[in-house]
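Visitor: The structure is given below, and queries will be raised subsequently.
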Amino acid sequence: MTDPALGKWLHDLVADLLPPMRSITGDGVRATLRTVARALGETDGAPGSELTVHEVPSGTPVLDWTVPREWNVASARLVGPDGKTVVDAATNPLHLLGYSTPMRARVSLAELRPHLFSMPDRPDWVPYRTSYYNENWGFCLTDRQLSTLPDGKYEVEIDTTFTEGSLTYGEIVLPGETDDEFLITTHTCHPAMANDNCSGIAAATLLARDLAAVPRRHTFRLLFIPGTIGSITWLARNRESVGRIRHGLVLTGLGDGSDPTYKRSRRGDAAVDRAAAVALAQSDRPYRIVDFSPYGYDERQFCSPGFDLPVGRFGRGQHGEYPQYHTSADDLDFVTPGSLADSYTLLRRIIAICEQDRTWRNTAPYGEPQLGRRGLYRAIGATMNRQAVEMALLWVLNLADGTRSLLDIAERSGLPFDTIAEAAQALAGVELLAEVPGEAFGKIEVGGV
Amino acid sequence: MTDPALGKWLHDLVADLLPPMRSITGDGVRATLRTVARALGETDGAPGSELTVHEVPSGTPVLDWTVPREWNVASARLVGPDGKTVVDAATNPLHLLGYSTPMRARVSLAELRPHLFSMPDRPDWVPYRTSYYNENWGFCLTDRQLSTLPDGKYEVEIDTTFTEGSLTYGEIVLPGETDDEFLITTHTCHPAMANDNCSGIAAATLLARDLAAVPRRHTFRLLFIPGTIGSITWLARNRESVGRIRHGLVLTGLGDGSDPTYKRSRRGDAAVDRAAAVALAQSDRPYRIVDFSPYGYDERQFCSPGFDLPVGRFGRGQHGEYPQYHTSADDLDFVTPGSLADSYTLLRRIIAICEQDRTWRNTAPYGEPQLGRRGLYRAIGATMNRQAVEMALLWVLNLADGTRSLLDIAERSGLPFDTIAEAAQALAGVELLAEVPGEAFGKIEVGGV
Amino acid sequence: MTDPALGKWLHDLVADLLPPMRSITGDGVRATLRTVARALGETDGAPGSELTVHEVPSGTPVLDWTVPREWNVASARLVGPDGKTVVDAATNPLHLLGYSTPMRARVSLAELRPHLFSMPDRPDWVPYRTSYYNENWGFCLTDRQLSTLPDGKYEVEIDTTFTEGSLTYGEIVLPGETDDEFLITTHTCHPAMANDNCSGIAAATLLARDLAAVPRRHTFRLLFIPGTIGSITWLARNRESVGRIRHGLVLTGLGDGSDPTYKRSRRGDAAVDRAAAVALAQSDRPYRIVDFSPYGYDERQFCSPGFDLPVGRFGRGQHGEYPQYHTSADDLDFVTPGSLADSYTLLRRIIAICEQDRTWRNTAPYGEPQLGRRGLYRAIGATMNRQAVEMALLWVLNLADGTRSLLDIAERSGLPFDTIAEAAQALAGVELLAEVPGEAFGKIEVGGV
């Protein structure tokens, strides 16, 4: 796809993903996964791109947590003294406090007040609020509307249910040449907000489509999961096999106007951290790389010390940084096709580097091998800058001693990763390089305490 | 004590400590230790705060040195041609060259000159001079006085004695929960100078008082010893047990107007070095941290390569940096109650960090534990900034993997050490943390060559 | 020698070295080695300073290469339509394309053109071109001359021969106290250019003279070899013994006006890298230290990953940096006696540091030893700055724990290397230091893949 087409495809999918009443459990998540499946099905349906939907029963112990009761919303409306609807979740899911208990009551404005949430400093925006683990009910509305509410009796009509249902998440596995996994994960629990996180769901969906259509060295595993409890649930159910994860990315907030931002894994120097640094540095644009901190999105769980997985986070604006964060202003205007396409392109670049990175050993390490008689210059000189290619050949030969990956060599030489990778390919083609098995990304041990 | 009371207490003690004719041996040291004991006795006399006075016989071999003969001064006076006293050590101990040999002679001014020491560039100050290991006699006086001395015959009346006596030092041991020791040491050999080092003796005395009155994790050992030969003597007598020293501080020059200054141990990254760095950085004021060098005070001995103890130095102005250094101008005006109180407060802070630092292990390291149901926010949220506390909880959980101490976590997170320590305490209270035995300060090996 | 005498000696030798028709094989190399031998013989002829000339037969396999056929030039001339000589290699060896095939032909200007090489942007200079591994013939000339060539028939008269001869190189071994080697190598294949590399040959020759006349700790091995194929040949023939090389320097381009420049070995922190850094830093002048890269001169071979020898490169202007590089403008005016003398002096300094560096162990590491009674101050205080000497004594005693070399101590203390080395010598003289065998330069392992 061209960049404009890419941006439009992603933006259209964000629009499709917006409507459902999403939360950490319930039919909104299921509707969301159906939208993802539909978007996948529009492609050529490459084997392996099917979305598996998992349902984990309420009450299941998951690590230190328990899968909560399933929450669903039949309707939720606040009616004023004049009988007119003040707010209705059918208009905008944000109007209902997330995980609100059911409530039927006729209350005075004074009684109602503690259950109404607005943003005095942003009078035209509806805030996003939840109360997952403290029982409560309430409505969110603009401060402008709140300030005009007349005294009188209000009808609270919240028809929600808590049932012994399940927590729902989606998973796509795209097998690769090896069992080493690249994990892509995105949260599916935020309702009605475009950047956080319909943009992440859309990008992961397109990745699944695109990666299904190409040869893969890694096995790619894509997760569409509710935030926190979803990653905890997935980790609890896959505790024995997370050791296969060699790289991982949490996707969130990919459509706003901020600079691309990579947050390092807890390890800080995992291959994905370094691949992201190289991809961003060579993208020739402003960007940010931020250190790991234990606050944020699901990297908190993947990077908890018991797992300590090499999982970073990629996106643009970070939680809490932009005023539209967790409000109704995080809408379809806030995310742009241009930013979505740009983020996606960088994401592919990071993944491509991880796919190409490996550790080679120079098979003729004593002195420089005679490149001329092997026709190496001709072989690749035509397609790339000749001087950079020759330097890349020399750097790869010099540093490929079985202890350094192509990423190491790109970093040390200052040459573009692709030039280094092509040089390595050319040298491997004349058997001047041999791959070092199991050293593709350096030694990664999964932590344990 | 309030800061002003603290400053006054210390300054008063400095004044009490000034008078004796002190040197590396002799009755001046004993008088000094009696003053220290009196200052300790004025408190509640907590058990363990008693000062033990050690006498080590002259001639005792101590490491590469020998305890020198004991030096005492009955009187020392220079009388001019007119029969009037030129200088008298009874007026100011600095007038007598330290370790001066006895001398009774009638000499011309020309013969006298090589035995008179003044400071031409500071004509009103008396310099401090010693001749410990070369036999010599002499007087120190102001250059103004020296320049007005008339020709004629002078009476030299130096009644000093060298005897097979002993070297005297004081020691206080305050037992703690563990045998791990925190060493505080200060030199007691400098006569008549307030900053160098009555300020150090006073601060160590108050530390002994204050630490005796509180629970202690470490065993605190406080030394009041003559410089160089004193620390060498103590090290020679305690060679087998110095391995218990986990942290140490040499105290000197705590009362002048310079910025607080910490000199790192030879190791450079000992816990005390890092604790001092954190304490000073979080004191929100100008300060200096200087690297170890083998010149200075008794850190030279504690940090000699055979011992290589984790001993830094804390004070303000350093030797040779300020013009008053080693002169009569290092007097009671030069040290201020404010600087003394400020130094003492920082000293307590460094010690407090070492007392609190330890290494924990997250007992629920897989994913984040559910803090809400454990009531953790409420438990400590009331007393501190809520957001910092929540971040501190997350940082401690994330990094407490049994390999990082609280100091590590404070450094990595950028949060105040106290916030981190309180978060750890709260998490330990709900058994989310378990202490890692023997890892409190990382692994410290005492060097040996 | 005084600096001016030194500069003149080197510049005169550069002038003697210029004329021969040099290439990677052939009589030009032999003539060059005779000039070197003559320059050595002018000295006192110390044993060991004799140059051994090696002849390696064409066709010998050397690592990944093969020794090429020997090339010699009887004459090479281009005659114009008017019968006059256009260019003649007898006038300037650069006029003939290096390794040109023999050719007798009468050709039109159009046919001739692809075989003529000039520099359009430097119309008065003759470029240096070779065609070692692709058979070709040609002439190099100024662009000004090229542009005036009339149409017509030209006589090409190239009388060169390729024979099953040999590759020639010279080697000097100056035995030292130990078998540990210091390798000095310089390339002998470039014709008619003063800086690149008659300056390197001249400096290596003088080094051989000077080092032969002094006691040596290291065994010095000096190589006069053709670039690339020469070092590959030498490495192939000495593969088993290169492990003795503890330090090495490639010498090239020492006479131009650029700042002294050191290029680090592949290791980056070899003793020679650090010695060069200290020597240059303490030379109190502008200089450059550049990281290793696999492009340049024979360091490419010595630092190939299979050998990974601690070999850096020392010179001034680097290949390709200055416009005169590889042209007829690299002449006797381009190199100056001043730059030659300056480079040589720095070179001696780097070597002297490596010669003096060693690892000592303080024999009295517990506390400071009593220096006064050992008369240490007097012993050396007279010849050097007293305060620096005393600090050097303390630094050496403090850091000489058997793990740090004198270079380490100089770096850590910031004191001049010589001061540290003298302090160590003085301390060793009173048995306060003992040498740590085999730890002279830290542990160096020769790589292998």
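Labels used: A, B, ... for chains in the order of the structure tokens, numbers from 1 for residues in each chain, and numbers from 1 for ligands as shown.
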Could you give me the residues within range 135-325 of chain B that DSSP places in strand (DSSP E or B), as a PyMOL selection string?
Guide: chain B and resi 139-140+153-163+166-174+181-187+219-225+245-251+261-263+288-290+311-315
Visitor: With N, CA and C atoms retained, could you export that selection as a compact mmCIF listing (two decimals), in the first residue's frame?
Guide:
```txt
# COMPACT_ATOMS: atom_id res chain seq x y z
N PHE B 139 59.67 27.94 67.61
CA PHE B 139 58.46 28.69 67.98
C PHE B 139 57.76 29.18 66.72
N CYS B 140 56.45 29.32 66.82
CA CYS B 140 55.66 29.90 65.74
C CYS B 140 55.08 31.21 66.25
N LYS B 153 70.23 39.05 72.80
CA LYS B 153 70.24 37.68 73.24
C LYS B 153 68.83 37.28 73.71
N TYR B 154 68.37 36.10 73.27
CA TYR B 154 67.05 35.60 73.62
C TYR B 154 67.20 34.36 74.50
N GLU B 155 66.26 34.23 75.44
CA GLU B 155 66.25 33.03 76.27
C GLU B 155 65.23 32.04 75.70
N VAL B 156 65.71 30.87 75.32
CA VAL B 156 64.81 29.80 74.87
C VAL B 156 64.54 28.91 76.07
N GLU B 157 63.24 28.80 76.47
CA GLU B 157 62.92 27.97 77.62
C GLU B 157 61.85 26.95 77.22
N ILE B 158 62.27 25.87 76.64
CA ILE B 158 61.33 24.83 76.20
C ILE B 158 61.46 23.63 77.13
N ASP B 159 60.44 23.44 77.98
CA ASP B 159 60.45 22.30 78.90
C ASP B 159 59.49 21.23 78.38
N THR B 160 59.98 20.42 77.46
CA THR B 160 59.17 19.31 76.95
C THR B 160 59.85 18.02 77.34
N THR B 161 59.07 16.95 77.34
CA THR B 161 59.66 15.64 77.66
C THR B 161 59.24 14.61 76.64
N PHE B 162 60.15 13.70 76.33
CA PHE B 162 59.85 12.52 75.53
C PHE B 162 60.02 11.32 76.43
N THR B 163 58.97 10.55 76.60
CA THR B 163 59.06 9.41 77.53
C THR B 163 58.53 8.14 76.88
N SER B 166 52.83 6.43 76.16
CA SER B 166 51.89 5.74 75.28
C SER B 166 51.21 6.71 74.32
N LEU B 167 50.57 6.11 73.36
CA LEU B 167 49.69 6.84 72.44
C LEU B 167 48.27 6.59 72.94
N THR B 168 47.48 7.67 73.02
CA THR B 168 46.16 7.60 73.64
C THR B 168 45.08 7.80 72.59
N TYR B 169 44.07 6.93 72.61
CA TYR B 169 42.91 7.21 71.75
C TYR B 169 41.64 6.74 72.43
N GLY B 170 40.53 7.28 71.98
CA GLY B 170 39.24 6.93 72.56
C GLY B 170 38.39 6.15 71.57
N GLU B 171 37.51 5.33 72.09
CA GLU B 171 36.68 4.48 71.22
C GLU B 171 35.32 4.29 71.89
N ILE B 172 34.28 4.41 71.13
CA ILE B 172 32.93 4.15 71.63
C ILE B 172 32.31 3.11 70.72
N VAL B 173 31.74 2.09 71.29
CA VAL B 173 31.05 1.08 70.48
C VAL B 173 29.58 1.06 70.88
N LEU B 174 28.71 1.28 69.92
CA LEU B 174 27.26 1.24 70.16
C LEU B 174 26.72 0.02 69.43
N GLU B 181 29.45 -3.12 60.91
CA GLU B 181 29.83 -1.89 61.58
C GLU B 181 29.78 -0.66 60.68
N PHE B 182 29.45 0.44 61.33
CA PHE B 182 29.57 1.76 60.71
C PHE B 182 30.64 2.48 61.53
N LEU B 183 31.75 2.81 60.88
CA LEU B 183 32.88 3.43 61.55
C LEU B 183 32.82 4.94 61.38
N ILE B 184 32.94 5.65 62.49
CA ILE B 184 33.05 7.11 62.47
C ILE B 184 34.38 7.45 63.11
N THR B 185 35.20 8.21 62.42
CA THR B 185 36.51 8.48 62.99
C THR B 185 36.89 9.94 62.79
N THR B 186 37.62 10.46 63.78
CA THR B 186 37.98 11.88 63.74
C THR B 186 39.32 12.03 64.43
N HIS B 187 40.12 13.01 64.00
CA HIS B 187 41.47 13.10 64.57
C HIS B 187 41.53 14.11 65.72
N THR B 219 26.17 -1.79 64.11
CA THR B 219 26.98 -1.46 65.27
C THR B 219 27.83 -0.25 64.89
N PHE B 220 27.72 0.80 65.71
CA PHE B 220 28.50 2.01 65.41
C PHE B 220 29.76 2.02 66.25
N ARG B 221 30.86 2.29 65.59
CA ARG B 221 32.15 2.39 66.26
C ARG B 221 32.70 3.78 65.99
N LEU B 222 32.92 4.55 67.07
CA LEU B 222 33.41 5.92 66.92
C LEU B 222 34.82 6.00 67.48
N LEU B 223 35.72 6.53 66.67
CA LEU B 223 37.13 6.62 67.07
C LEU B 223 37.54 8.08 67.23
N PHE B 224 38.24 8.36 68.32
CA PHE B 224 38.85 9.67 68.55
C PHE B 224 40.35 9.42 68.62
N ILE B 225 41.03 9.62 67.51
CA ILE B 225 42.40 9.14 67.38
C ILE B 225 43.32 10.21 66.80
N ILE B 245 33.51 -3.81 58.92
CA ILE B 245 33.16 -2.42 58.58
C ILE B 245 32.46 -2.37 57.23
N ARG B 246 31.21 -1.99 57.27
CA ARG B 246 30.40 -1.91 56.05
C ARG B 246 30.37 -0.51 55.48
N HIS B 247 30.52 0.48 56.37
CA HIS B 247 30.52 1.89 55.96
C HIS B 247 31.43 2.63 56.93
N GLY B 248 32.01 3.71 56.46
CA GLY B 248 32.82 4.51 57.37
C GLY B 248 32.93 5.94 56.89
N LEU B 249 33.10 6.82 57.85
CA LEU B 249 33.25 8.25 57.54
C LEU B 249 34.35 8.84 58.40
N VAL B 250 35.27 9.54 57.77
CA VAL B 250 36.24 10.36 58.48
C VAL B 250 35.61 11.75 58.59
N LEU B 251 35.58 12.29 59.80
CA LEU B 251 34.97 13.61 60.01
C LEU B 251 36.06 14.64 60.24
N THR B 261 31.09 18.85 51.68
CA THR B 261 31.98 18.16 50.73
C THR B 261 32.13 16.71 51.16
N TYR B 262 31.86 15.82 50.23
CA TYR B 262 32.08 14.40 50.49
C TYR B 262 33.20 13.91 49.60
N LYS B 263 34.15 13.21 50.20
CA LYS B 263 35.23 12.59 49.43
C LYS B 263 35.00 11.09 49.40
N ARG B 288 29.74 19.48 47.16
CA ARG B 288 30.79 18.91 46.33
C ARG B 288 30.95 17.44 46.65
N ILE B 289 31.18 16.65 45.63
CA ILE B 289 31.62 15.27 45.84
C ILE B 289 32.94 15.14 45.09
N VAL B 290 33.98 14.76 45.80
CA VAL B 290 35.29 14.66 45.15
C VAL B 290 35.75 13.21 45.17
N VAL B 311 35.39 3.58 53.34
CA VAL B 311 35.43 4.73 54.24
C VAL B 311 35.62 6.01 53.42
N GLY B 312 34.63 6.89 53.48
CA GLY B 312 34.74 8.19 52.83
C GLY B 312 35.05 9.27 53.85
N ARG B 313 35.05 10.50 53.41
CA ARG B 313 35.32 11.60 54.33
C ARG B 313 34.25 12.66 54.16
N PHE B 314 33.77 13.20 55.27
CA PHE B 314 32.75 14.23 55.17
C PHE B 314 33.18 15.47 55.94
N GLY B 315 32.97 16.61 55.34
CA GLY B 315 33.28 17.88 55.98
C GLY B 315 32.90 19.02 55.04
```
Visitor: Within 12 Å of chain B, which residues of chain A are there when counting only C-alpha atoms? Please give them as a PyMOL selection string.
Guide: chain A and resi 62-66+131-134+228-236+238-239+242+266-267+291-309+446-449
Visitor: What's the separation between CA of Asp357 in chain C and CA of Ala212 in chain C, in Å to one decimal place?
Guide: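 Answer for the CA of Asp357 in chain C to CA of Ala212 in chain C separation: 19.8 Å.
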Visitor: In Å, with one decimal, what is the gap from CA of Ala426 in chain C to CA of Trp360 in chain C?
Guide: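 Interatomic distance, CA of Ala426 in chain C to CA of Trp360 in chain C: 12.3 Å.
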Visitor: Residues within 12 Å of Ser147 in chain B, please, as a list in words. Count only C-alpha atoms; anything in the same chain fewer than 3 positions from it doesn't count.
Guide: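 Near neighbours after the sequence-gap exclusion: Leu109, Arg113, Leu116, Phe117, Ser118, Met119, Pro120, Pro123, Asp124, Leu141, Thr142, Asp143, Arg144, Pro150 and Asp151 of chain B.
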Visitor: What's the 12 Å shell around Pro323 in chain A, counting only C-alpha atoms, without same-chain residues fewer than 3 positions away, as an mmCIF file with all heavy atoms, in the first residue's frame?
Guide:
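Generated file (selection_10.cif):
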```
data_model
loop_
_atom_site.group_PDB
_atom_site.id
_atom_site.type_symbol
_atom_site.label_atom_id
_atom_site.label_comp_id
_atom_site.auth_asym_id
_atom_site.auth_seq_id
_atom_site.Cartn_x
_atom_site.Cartn_y
_atom_site.Cartn_z
ATOM 1 N N MET A 119 -14.878 17.663 33.643
ATOM 2 C CA MET A 119 -13.533 18.245 33.657
ATOM 3 C C MET A 119 -13.659 19.761 33.661
ATOM 4 O O MET A 119 -13.771 20.364 32.588
ATOM 5 C CB MET A 119 -12.751 17.820 32.414
ATOM 6 C CG MET A 119 -12.639 16.319 32.236
ATOM 7 S SD MET A 119 -11.803 15.897 30.670
ATOM 8 C CE MET A 119 -10.118 16.304 31.090
ATOM 9 N N ASP A 121 -11.653 22.116 33.826
ATOM 10 C CA ASP A 121 -10.701 22.856 32.980
ATOM 11 C C ASP A 121 -10.871 22.552 31.497
ATOM 12 O O ASP A 121 -10.211 23.184 30.661
ATOM 13 C CB ASP A 121 -9.253 22.568 33.417
ATOM 14 C CG ASP A 121 -8.948 21.079 33.385
ATOM 15 O OD1 ASP A 121 -9.904 20.269 33.451
ATOM 16 O OD2 ASP A 121 -7.767 20.717 33.288
ATOM 17 N N ARG A 122 -11.687 21.611 31.148
ATOM 18 C CA ARG A 122 -11.991 21.293 29.743
ATOM 19 C C ARG A 122 -13.502 21.153 29.644
ATOM 20 O O ARG A 122 -14.036 20.043 29.540
ATOM 21 C CB ARG A 122 -11.321 19.976 29.329
ATOM 22 C CG ARG A 122 -9.820 19.956 29.439
ATOM 23 C CD ARG A 122 -9.150 20.727 28.304
ATOM 24 N NE ARG A 122 -7.704 20.739 28.471
ATOM 25 C CZ ARG A 122 -6.855 21.335 27.630
ATOM 26 N NH1 ARG A 122 -7.326 21.979 26.565
ATOM 27 N NH2 ARG A 122 -5.564 21.328 27.854
ATOM 28 N N TRP A 125 -15.432 18.677 27.167
ATOM 29 C CA TRP A 125 -15.027 17.287 26.964
ATOM 30 C C TRP A 125 -15.646 16.389 28.050
ATOM 31 O O TRP A 125 -15.823 16.792 29.190
ATOM 32 C CB TRP A 125 -13.502 17.131 27.037
ATOM 33 C CG TRP A 125 -12.765 17.877 25.951
ATOM 34 C CD1 TRP A 125 -13.306 18.568 24.904
ATOM 35 C CD2 TRP A 125 -11.335 18.013 25.828
ATOM 36 N NE1 TRP A 125 -12.322 19.118 24.132
ATOM 37 C CE2 TRP A 125 -11.099 18.798 24.675
ATOM 38 C CE3 TRP A 125 -10.258 17.546 26.565
ATOM 39 C CZ2 TRP A 125 -9.807 19.123 24.254
ATOM 40 C CZ3 TRP A 125 -8.970 17.863 26.142
ATOM 41 C CH2 TRP A 125 -8.747 18.647 24.990
ATOM 42 N N VAL A 126 -15.942 15.173 27.618
ATOM 43 C CA VAL A 126 -16.440 14.164 28.558
ATOM 44 C C VAL A 126 -15.249 13.320 29.014
ATOM 45 O O VAL A 126 -14.518 12.795 28.167
ATOM 46 C CB VAL A 126 -17.483 13.242 27.877
ATOM 47 C CG1 VAL A 126 -18.010 12.203 28.868
ATOM 48 C CG2 VAL A 126 -18.603 14.061 27.261
ATOM 49 N N PRO A 127 -15.019 13.191 30.316
ATOM 50 C CA PRO A 127 -13.893 12.372 30.751
ATOM 51 C C PRO A 127 -14.215 10.880 30.703
ATOM 52 O O PRO A 127 -15.386 10.488 30.699
ATOM 53 C CB PRO A 127 -13.678 12.814 32.201
ATOM 54 C CG PRO A 127 -15.031 13.232 32.665
ATOM 55 C CD PRO A 127 -15.747 13.829 31.452
ATOM 56 N N ASP A 256 -1.757 10.042 17.066
ATOM 57 C CA ASP A 256 -1.754 11.472 17.370
ATOM 58 C C ASP A 256 -0.566 12.180 16.715
ATOM 59 O O ASP A 256 0.242 11.556 16.032
ATOM 60 C CB ASP A 256 -1.745 11.678 18.890
ATOM 61 C CG ASP A 256 -0.479 11.171 19.533
ATOM 62 O OD1 ASP A 256 -0.402 9.951 19.832
ATOM 63 O OD2 ASP A 256 0.447 11.974 19.718
ATOM 64 N N GLY A 317 2.108 9.908 21.444
ATOM 65 C CA GLY A 317 1.864 10.559 22.737
ATOM 66 C C GLY A 317 1.692 9.514 23.835
ATOM 67 O O GLY A 317 1.072 8.472 23.630
ATOM 68 N N GLN A 318 2.259 9.777 25.005
ATOM 69 C CA GLN A 318 2.163 8.829 26.117
ATOM 70 C C GLN A 318 1.005 9.202 27.055
ATOM 71 O O GLN A 318 0.595 10.358 27.104
ATOM 72 C CB GLN A 318 3.466 8.823 26.899
ATOM 73 C CG GLN A 318 4.667 8.409 26.076
ATOM 74 C CD GLN A 318 5.893 8.194 26.954
ATOM 75 O OE1 GLN A 318 6.303 7.082 27.178
ATOM 76 N NE2 GLN A 318 6.437 9.269 27.469
ATOM 77 N N HIS A 319 0.538 8.205 27.799
ATOM 78 C CA HIS A 319 -0.518 8.411 28.789
ATOM 79 C C HIS A 319 -0.291 9.674 29.604
ATOM 80 O O HIS A 319 0.782 9.889 30.141
ATOM 81 C CB HIS A 319 -0.603 7.219 29.736
ATOM 82 C CG HIS A 319 0.737 6.847 30.283
ATOM 83 N ND1 HIS A 319 1.267 7.422 31.389
ATOM 84 C CD2 HIS A 319 1.657 5.975 29.813
ATOM 85 C CE1 HIS A 319 2.473 6.917 31.598
ATOM 86 N NE2 HIS A 319 2.729 6.034 30.661
ATOM 87 N N GLY A 320 -1.328 10.509 29.643
ATOM 88 C CA GLY A 320 -1.260 11.675 30.517
ATOM 89 C C GLY A 320 -0.516 12.865 29.930
ATOM 90 O O GLY A 320 -0.534 13.962 30.482
ATOM 91 N N HIS A 326 -7.693 10.182 27.578
ATOM 92 C CA HIS A 326 -8.811 9.689 28.385
ATOM 93 C C HIS A 326 -9.963 10.681 28.443
ATOM 94 O O HIS A 326 -10.525 10.921 29.523
ATOM 95 C CB HIS A 326 -8.326 9.293 29.798
ATOM 96 C CG HIS A 326 -7.715 7.908 29.825
ATOM 97 N ND1 HIS A 326 -7.487 7.216 30.985
ATOM 98 C CD2 HIS A 326 -7.304 7.084 28.818
ATOM 99 C CE1 HIS A 326 -6.946 6.031 30.698
ATOM 100 N NE2 HIS A 326 -6.834 5.944 29.392
ATOM 101 N N THR A 327 -10.280 11.250 27.294
ATOM 102 C CA THR A 327 -11.461 12.120 27.185
ATOM 103 C C THR A 327 -12.134 11.864 25.837
ATOM 104 O O THR A 327 -11.571 11.208 24.954
ATOM 105 C CB THR A 327 -11.101 13.618 27.218
ATOM 106 O OG1 THR A 327 -10.546 13.984 25.942
ATOM 107 C CG2 THR A 327 -10.106 13.950 28.326
ATOM 108 N N SER A 328 -13.293 12.470 25.702
ATOM 109 C CA SER A 328 -14.033 12.376 24.446
ATOM 110 C C SER A 328 -13.322 13.113 23.317
ATOM 111 O O SER A 328 -13.685 12.951 22.143
ATOM 112 C CB SER A 328 -15.435 12.954 24.640
ATOM 113 O OG SER A 328 -15.329 14.318 25.061
ATOM 114 N N ALA A 329 -12.328 13.940 23.642
ATOM 115 C CA ALA A 329 -11.603 14.650 22.580
ATOM 116 C C ALA A 329 -10.586 13.753 21.890
ATOM 117 O O ALA A 329 -10.011 14.146 20.877
ATOM 118 C CB ALA A 329 -10.894 15.875 23.163
ATOM 119 N N ASP A 330 -10.370 12.547 22.412
ATOM 120 C CA ASP A 330 -9.529 11.572 21.706
ATOM 121 C C ASP A 330 -10.430 10.907 20.668
ATOM 122 O O ASP A 330 -10.883 9.776 20.831
ATOM 123 C CB ASP A 330 -8.968 10.560 22.713
ATOM 124 C CG ASP A 330 -8.129 9.466 22.036
ATOM 125 O OD1 ASP A 330 -8.002 9.490 20.798
ATOM 126 O OD2 ASP A 330 -7.621 8.594 22.763
ATOM 127 N N PHE A 334 -8.629 13.595 16.159
ATOM 128 C CA PHE A 334 -7.367 13.657 16.901
ATOM 129 C C PHE A 334 -6.316 12.730 16.276
ATOM 130 O O PHE A 334 -5.119 12.999 16.317
ATOM 131 C CB PHE A 334 -7.618 13.308 18.376
ATOM 132 C CG PHE A 334 -6.403 13.394 19.236
ATOM 133 C CD1 PHE A 334 -5.727 14.604 19.387
ATOM 134 C CD2 PHE A 334 -5.903 12.281 19.903
ATOM 135 C CE1 PHE A 334 -4.584 14.686 20.177
ATOM 136 C CE2 PHE A 334 -4.764 12.363 20.702
ATOM 137 C CZ PHE A 334 -4.109 13.575 20.832
#
```
Visitor: I need the residue nearest Met103 in chain B from this list: B:Gly80, B:Gly138, B:Gly429, B:Gly338. Use only C-alpha atoms for the distance.
Guide: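 Closest to Met103 in chain B, using only C-alpha atoms: B:Gly138.
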Visitor: Please identify all polymer residues within 7 Å of Thr188 in chain A, counting only C-alpha atoms, omitting same-chain residues fewer than 5 positions from it, and present them as a list in words.
Guide: Val29, Asn197, Ile201, Phe224, Ile225, Pro226 and Gly227 of chain A
